[in-house]
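File shown here: upload-v6.txt, holding compact mmCIF, C-alpha atoms and all ligand atoms.
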```
# COMPACT_ATOMS: atom_id res chain seq x y z
CA MET A 1 36.45 -12.92 3.13
CA GLY A 2 36.74 -9.17 3.53
CA ILE A 3 37.67 -6.51 1.05
CA VAL A 4 40.70 -4.27 0.74
CA VAL A 5 40.27 -1.08 -1.24
CA GLU A 6 42.96 -1.27 -3.91
CA ARG A 7 46.18 0.57 -3.32
CA VAL A 8 49.61 -0.10 -4.73
CA ASP A 9 51.69 1.34 -1.92
CA ASN A 10 49.93 -0.52 0.87
CA PRO A 11 51.74 -3.34 2.65
CA ARG A 12 48.49 -5.17 3.28
CA PRO A 13 47.75 -8.28 1.23
CA PRO A 14 45.98 -8.00 -2.11
CA VAL A 15 42.23 -8.28 -2.27
CA SER A 16 41.12 -11.85 -2.12
CA SER A 17 37.57 -11.38 -3.40
CA GLU A 18 37.14 -11.35 -7.16
CA GLY A 19 37.42 -7.88 -8.66
CA THR A 20 38.28 -4.76 -6.71
CA PRO A 21 37.32 -2.21 -5.69
CA LYS A 22 34.04 -4.01 -5.29
CA LYS A 23 30.82 -2.07 -5.32
CA LEU A 24 28.65 -3.14 -2.43
CA ALA A 25 25.35 -2.14 -3.93
CA ASP A 26 23.55 -5.00 -2.19
CA SER A 27 24.98 -4.24 1.22
CA LYS A 28 22.64 -2.93 3.86
CA HIS A 29 25.21 -0.28 4.50
CA ARG A 30 25.68 0.70 0.86
CA ILE A 31 29.34 1.57 1.10
CA ASP A 32 31.02 2.50 -2.14
CA PRO A 33 34.70 1.60 -1.67
CA THR A 34 35.72 4.18 -4.25
CA THR A 35 34.82 6.82 -1.65
CA LEU A 36 37.03 5.24 1.02
CA PRO A 37 40.73 5.91 1.64
CA LYS A 38 42.86 3.66 -0.55
CA GLY A 39 44.01 0.58 1.35
CA TYR A 40 40.97 0.75 3.63
CA VAL A 41 39.84 -2.70 4.75
CA LEU A 42 36.21 -3.68 5.03
CA ASP A 43 34.99 -6.57 7.14
CA LYS A 44 33.28 -9.70 5.86
CA ASP A 45 29.89 -7.98 5.68
CA GLY A 46 31.34 -5.06 3.75
CA LYS A 47 31.06 -2.81 6.78
CA PRO A 48 33.90 -0.58 7.98
CA CYS A 49 36.27 -2.73 10.04
CA ARG A 50 37.76 -0.81 12.93
CA THR A 51 40.07 -3.61 14.05
CA CYS A 52 41.48 -3.94 10.49
CA ASN A 53 42.43 -0.28 10.02
CA SER A 54 44.33 2.47 11.75
CA LEU A 55 42.22 5.00 13.60
CA LEU A 56 43.37 7.60 11.06
CA ASP A 57 42.00 5.60 8.12
CA PHE A 58 38.86 4.78 10.10
CA ARG A 59 38.23 8.48 10.64
CA LYS A 60 38.93 9.29 6.99
CA ALA A 61 36.48 6.58 5.96
CA LYS A 62 33.88 8.40 8.03
CA GLY A 63 34.45 11.49 5.89
CA MET A 64 37.03 13.41 7.95
CA SER A 65 39.82 15.21 6.12
CA ALA A 66 43.32 13.83 6.72
CA ALA A 67 44.19 16.98 8.68
CA ALA A 68 41.09 16.80 10.88
CA ALA A 69 41.59 13.06 11.46
CA ALA A 70 45.19 13.62 12.57
CA ALA A 71 44.33 16.61 14.75
CA LYS A 72 41.45 15.02 16.67
CA PRO A 73 42.62 13.80 20.09
CA VAL A 74 42.66 10.05 20.65
CA ALA A 75 40.43 8.93 23.51
CA THR A 76 41.75 6.01 25.54
CA ASP A 77 38.45 4.23 26.15
CA CYS A 78 37.36 3.44 22.59
CA PRO A 79 37.31 0.17 20.63
CA PRO A 80 40.83 -0.69 19.42
CA ASP A 81 42.16 -0.02 15.95
CA VAL A 82 44.49 -2.49 14.20
CA ASN A 83 47.55 -1.11 16.00
CA GLU A 84 46.19 -1.05 19.53
CA LEU A 85 44.69 -4.50 19.06
CA GLY A 86 48.04 -5.73 17.73
CA ARG A 87 50.11 -4.26 20.58
CA SER A 88 47.77 -5.66 23.22
CA THR A 89 47.66 -9.06 21.56
CA TRP A 90 51.44 -9.33 21.20
CA THR A 91 51.74 -8.37 24.89
CA PHE A 92 49.34 -11.18 25.74
CA LEU A 93 50.96 -13.77 23.45
CA HIS A 94 54.56 -13.05 24.48
CA SER A 95 53.50 -13.02 28.15
CA VAL A 96 51.87 -16.42 27.70
CA ALA A 97 55.14 -17.73 26.25
CA ALA A 98 57.15 -16.09 29.04
CA ASN A 99 55.08 -17.95 31.62
CA TYR A 100 54.81 -21.26 29.76
CA PRO A 101 56.48 -24.24 31.53
CA GLU A 102 60.16 -24.72 30.75
CA GLN A 103 59.26 -28.27 29.76
CA ALA A 104 55.63 -28.66 28.84
CA THR A 105 53.75 -31.91 29.36
CA PRO A 106 52.11 -33.54 26.34
CA ALA A 107 48.75 -32.20 27.58
CA GLN A 108 50.11 -28.64 27.89
CA GLN A 109 51.64 -28.91 24.43
CA GLY A 110 48.31 -30.06 23.03
CA ASP A 111 46.51 -27.16 24.72
CA MET A 112 48.99 -24.66 23.31
CA LYS A 113 48.66 -26.04 19.77
CA SER A 114 44.86 -25.87 20.05
CA PHE A 115 45.03 -22.34 21.41
CA LEU A 116 47.25 -21.14 18.55
CA ARG A 117 45.07 -22.86 15.94
CA ILE A 118 41.92 -21.26 17.34
CA PHE A 119 43.66 -17.90 17.79
CA GLY A 120 44.49 -17.95 14.07
CA LYS A 121 40.79 -18.37 13.30
CA ILE A 122 39.30 -15.77 15.61
CA TYR A 123 41.77 -12.86 15.63
CA PRO A 124 39.53 -9.88 14.93
CA CYS A 125 41.60 -8.41 12.06
CA TRP A 126 40.65 -10.88 9.33
CA TYR A 127 43.55 -10.36 6.95
CA CYS A 128 46.04 -10.42 9.87
CA ALA A 129 44.50 -13.74 10.97
CA GLU A 130 44.61 -15.19 7.45
CA ASP A 131 48.27 -14.31 7.00
CA PHE A 132 49.17 -15.62 10.46
CA GLN A 133 47.36 -18.90 9.79
CA LYS A 134 49.01 -19.30 6.39
CA TRP A 135 52.47 -18.60 7.85
CA ALA A 136 51.94 -21.01 10.77
CA GLU A 137 50.78 -23.79 8.43
CA ASP A 138 54.05 -23.82 6.47
CA ALA A 139 56.04 -26.93 7.40
CA GLU A 140 58.99 -24.85 8.62
CA ASN A 141 56.82 -22.52 10.73
CA LYS A 142 54.64 -25.01 12.62
CA PRO A 143 54.16 -23.93 16.26
CA LYS A 144 56.99 -25.08 18.52
CA VAL A 145 55.52 -25.85 21.91
CA THR A 146 57.79 -28.25 23.81
CA GLY A 147 58.82 -25.57 26.31
CA ARG A 148 59.17 -21.88 27.15
CA GLU A 149 62.34 -21.13 25.19
CA GLU A 150 61.08 -22.83 22.05
CA LEU A 151 57.64 -21.20 22.19
CA GLY A 152 59.10 -17.77 22.98
CA ARG A 153 61.42 -17.93 19.98
CA TRP A 154 58.70 -19.23 17.70
CA LEU A 155 56.43 -16.34 18.69
CA CYS A 156 59.29 -13.93 18.18
CA ASP A 157 59.71 -15.32 14.65
CA ALA A 158 55.97 -15.01 14.03
CA HIS A 159 56.03 -11.39 15.24
CA ASN A 160 59.07 -10.67 13.05
CA GLU A 161 57.20 -12.03 10.05
CA VAL A 162 54.55 -9.35 10.64
CA ASN A 163 57.24 -6.72 11.30
CA ARG A 164 58.80 -7.53 7.90
CA LYS A 165 55.42 -7.36 6.18
CA LEU A 166 54.82 -3.90 7.67
CA GLY A 167 58.34 -2.68 6.88
CA LYS A 168 59.30 -2.47 10.57
CA PRO A 169 62.70 -3.44 11.97
CA GLU A 170 63.13 -7.02 13.07
CA PHE A 171 63.46 -7.73 16.78
CA ASP A 172 66.53 -9.66 17.98
CA CYS A 173 65.00 -12.93 19.19
CA ASN A 174 67.97 -13.56 21.51
CA LEU A 175 66.41 -10.79 23.62
CA TRP A 176 62.85 -12.07 23.76
CA LYS A 177 63.11 -13.21 27.38
CA GLU A 178 64.61 -9.94 28.58
CA ARG A 179 61.77 -8.06 26.86
CA TRP A 180 58.93 -10.29 28.02
CA ARG A 181 60.02 -12.12 31.20
CA ASP A 182 63.16 -10.99 33.02
CA GLY A 183 63.31 -7.28 32.19
CA TRP A 184 66.32 -5.52 30.64
CA LYS A 185 69.76 -6.06 32.12
CA ASP A 186 70.21 -2.31 32.74
CA GLY A 187 67.63 -2.56 35.53
CA ARG A 188 65.12 -0.09 34.09
CA CYS A 189 62.30 -2.56 34.56
CA GLU A 190 62.91 -2.95 38.30
C1 LIG B 201 48.97 -12.16 14.80
C2 LIG B 201 49.05 -10.68 14.42
C3 LIG B 201 49.06 -10.34 13.07
C4 LIG B 201 49.11 -8.99 12.70
N1 LIG B 201 49.06 -8.66 11.37
C5 LIG B 201 49.03 -7.36 11.01
C6 LIG B 201 48.89 -6.99 9.65
O1 LIG B 201 48.81 -7.84 8.75
N2 LIG B 201 48.83 -5.64 9.34
C7 LIG B 201 48.89 -4.68 10.31
O2 LIG B 201 48.80 -3.48 9.98
N3 LIG B 201 49.04 -5.01 11.61
C8 LIG B 201 49.10 -6.31 11.98
N4 LIG B 201 49.24 -6.65 13.31
C9 LIG B 201 49.51 -5.57 14.28
C10 LIG B 201 51.03 -5.25 14.26
O3 LIG B 201 51.82 -6.42 14.43
C11 LIG B 201 51.43 -4.28 15.39
O4 LIG B 201 50.94 -4.75 16.63
C12 LIG B 201 50.94 -2.86 15.18
O5 LIG B 201 51.40 -2.39 13.94
C13 LIG B 201 51.46 -1.91 16.30
O6 LIG B 201 52.89 -1.98 16.22
P1 LIG B 201 53.88 -1.39 17.29
O7 LIG B 201 54.97 -0.73 16.49
O8 LIG B 201 53.19 -0.60 18.32
O9 LIG B 201 54.58 -2.64 18.02
P2 LIG B 201 54.17 -4.17 18.04
O10 LIG B 201 54.57 -4.82 16.74
O11 LIG B 201 52.74 -4.32 18.43
O12 LIG B 201 55.11 -4.74 19.17
C14 LIG B 201 54.93 -4.43 20.54
C15 LIG B 201 56.27 -4.56 21.23
O13 LIG B 201 56.74 -5.89 21.07
C16 LIG B 201 58.16 -5.92 20.98
N5 LIG B 201 58.50 -6.68 19.77
C17 LIG B 201 58.54 -6.26 18.49
N6 LIG B 201 58.84 -7.26 17.68
C18 LIG B 201 58.99 -8.37 18.46
C19 LIG B 201 59.32 -9.72 18.21
N7 LIG B 201 59.57 -10.17 16.99
N8 LIG B 201 59.40 -10.57 19.27
C20 LIG B 201 59.19 -10.15 20.54
N9 LIG B 201 58.88 -8.87 20.83
C21 LIG B 201 58.78 -8.00 19.81
C22 LIG B 201 58.65 -4.49 20.93
O14 LIG B 201 59.16 -4.15 22.22
C23 LIG B 201 57.38 -3.70 20.60
O15 LIG B 201 57.38 -2.43 21.15
C24 LIG B 201 49.17 -7.97 13.70
C25 LIG B 201 49.15 -8.35 15.05
C26 LIG B 201 49.08 -9.68 15.41
C27 LIG B 201 49.02 -10.06 16.87
```
Output the file's structure as C-alpha cells, nothing else.
Amino acid sequence: MGIVVERVDNPRPPVSSEGTPKKLADSKHRIDPTTLPKGYVLDKDGKPCRTCNSLLDFRKAKGMSAAAAAAKPVATDCPPDVNELGRSTWTFLHSVAANYPEQATPAQQGDMKSFLRIFGKIYPCWYCAEDFQKWAEDAENKPKVTGREELGRWLCDAHNEVNRKLGKPEFDCNLWKERWRDGWKDGRCE
C-alpha cells in the first residue's frame, strides 16, 4: 500500500494506510510527507513515485518552486509520469481490443481474462491499479471478452470510469472503433 499526502481538492483516492500524512521516520529515504506537495503520492516503500504523479508534482517534491517546475522544458526521453504512462497504456489497451478477433475462441477469451487480471496487479501506478481492479471486480463491470466489439466497448467504459474520476469529459463509446481501429470518417487519419 502506498501513501497519498492528504489533500481535499485532489481527485485521487483517500489514503489507505492508517493515519495521514504519515511520517516515514523509519524509511531509508526519510521523506517527511508534510514537506511534499499536497496530493503527492508515494510508492509502497515510501519513496517518491514518478509513475503515480504528474511531472509537475514530481519536480515540486524535489524542491522546485511551482514556477520553476512549470518553466523547465520537458525532455522526451525520461521515465514516464502518471499521464504519459496512462496515455501510452490506453493506446496499447485500445489497440489490443481493436485487433482482437471478432469472435474469440474460448482459449483467446481465457488469455484475455488472464491478461486483464494480471494487468490490474502490475500497472505501475499503484492507486490507479487498485481502482481499476476494484472497478473490474464489480459484477456489472467484469471484463467482456467474447469478441472485438464487446472488448472494445468494455475498455471504453473502463477508460470512461477513469475519465469521470479525473473530472474529464466522457468519450462516446459508439466511436471507439473509429478512434482506435478504422480512423475518423473525415479521412484525416489516411
Ligand atoms: C488503468 C488506468 C488507470 C488510470 N488511473 C488513473 C488515476 O487514478 N489517476 C490519474 O491521475 N491517472 C490515471 N490514469 C491515467 C489517465 O487515465 C490518463 O491517461 C492521463 O490523465 C492522461 O490523460 P489524457 O488526457 O492525455 O488522455 P487519456 O485519458 O490518456 O486518453 C488518450 C486518448 O484516448 C481517447 N479516449 C479518451 N477516453 C476514451 C475512452 N473512454 N475510450 C476510448 N478512447 C478514449 C482520447 O482520444 C484520448 O486523447 C490511468 C490510466 C490507466 C491506463
Q: May I ask you to write as a count of residues only all residues lying at most 6 Å from ligand LIG 201 (chain B), with all atoms listed in the file counted?
A: 15
Q: Grab the atom CA of Val145 of chain A to atom CA of Ala107 of chain A distance for me, in Å with one decimal place.
A: 10.9 Å
Q: Identify, on the basis of only C-alpha atoms, every residue whose closest approach to Ala158 of chain A does not exceed 12 Å; exclude the query and any residue fewer than 6 positions from it along the same chain; express the result as JSON, numbers by chain.
A: {"A": [90, 93, 94, 116, 120, 128, 129, 131, 132, 133, 134, 135, 136, 137, 138, 140, 141, 142, 143, 144, 151, 152, 164, 165, 170, 171, 173]}
Q.
Just the number, please: distance in Å from atom CA of Leu55 of chain A to atom CA of Glu161 of chain A, one decimal.
A.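 Between atom CA of Leu55 of chain A and atom CA of Glu161 of chain A the gap is 23.0 Å.
The two atoms in question, atom CA of Arg59 of chain A and atom CA of Thr34 of chain A, are spaced 15.7 Å apart.
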**Q.** Among listed residues A:Pro80, A:Gly187, A:Gly46, A:Pro37, nearest Gly63 of chain A (using all atoms listed in the file)
**A.** A:Pro37
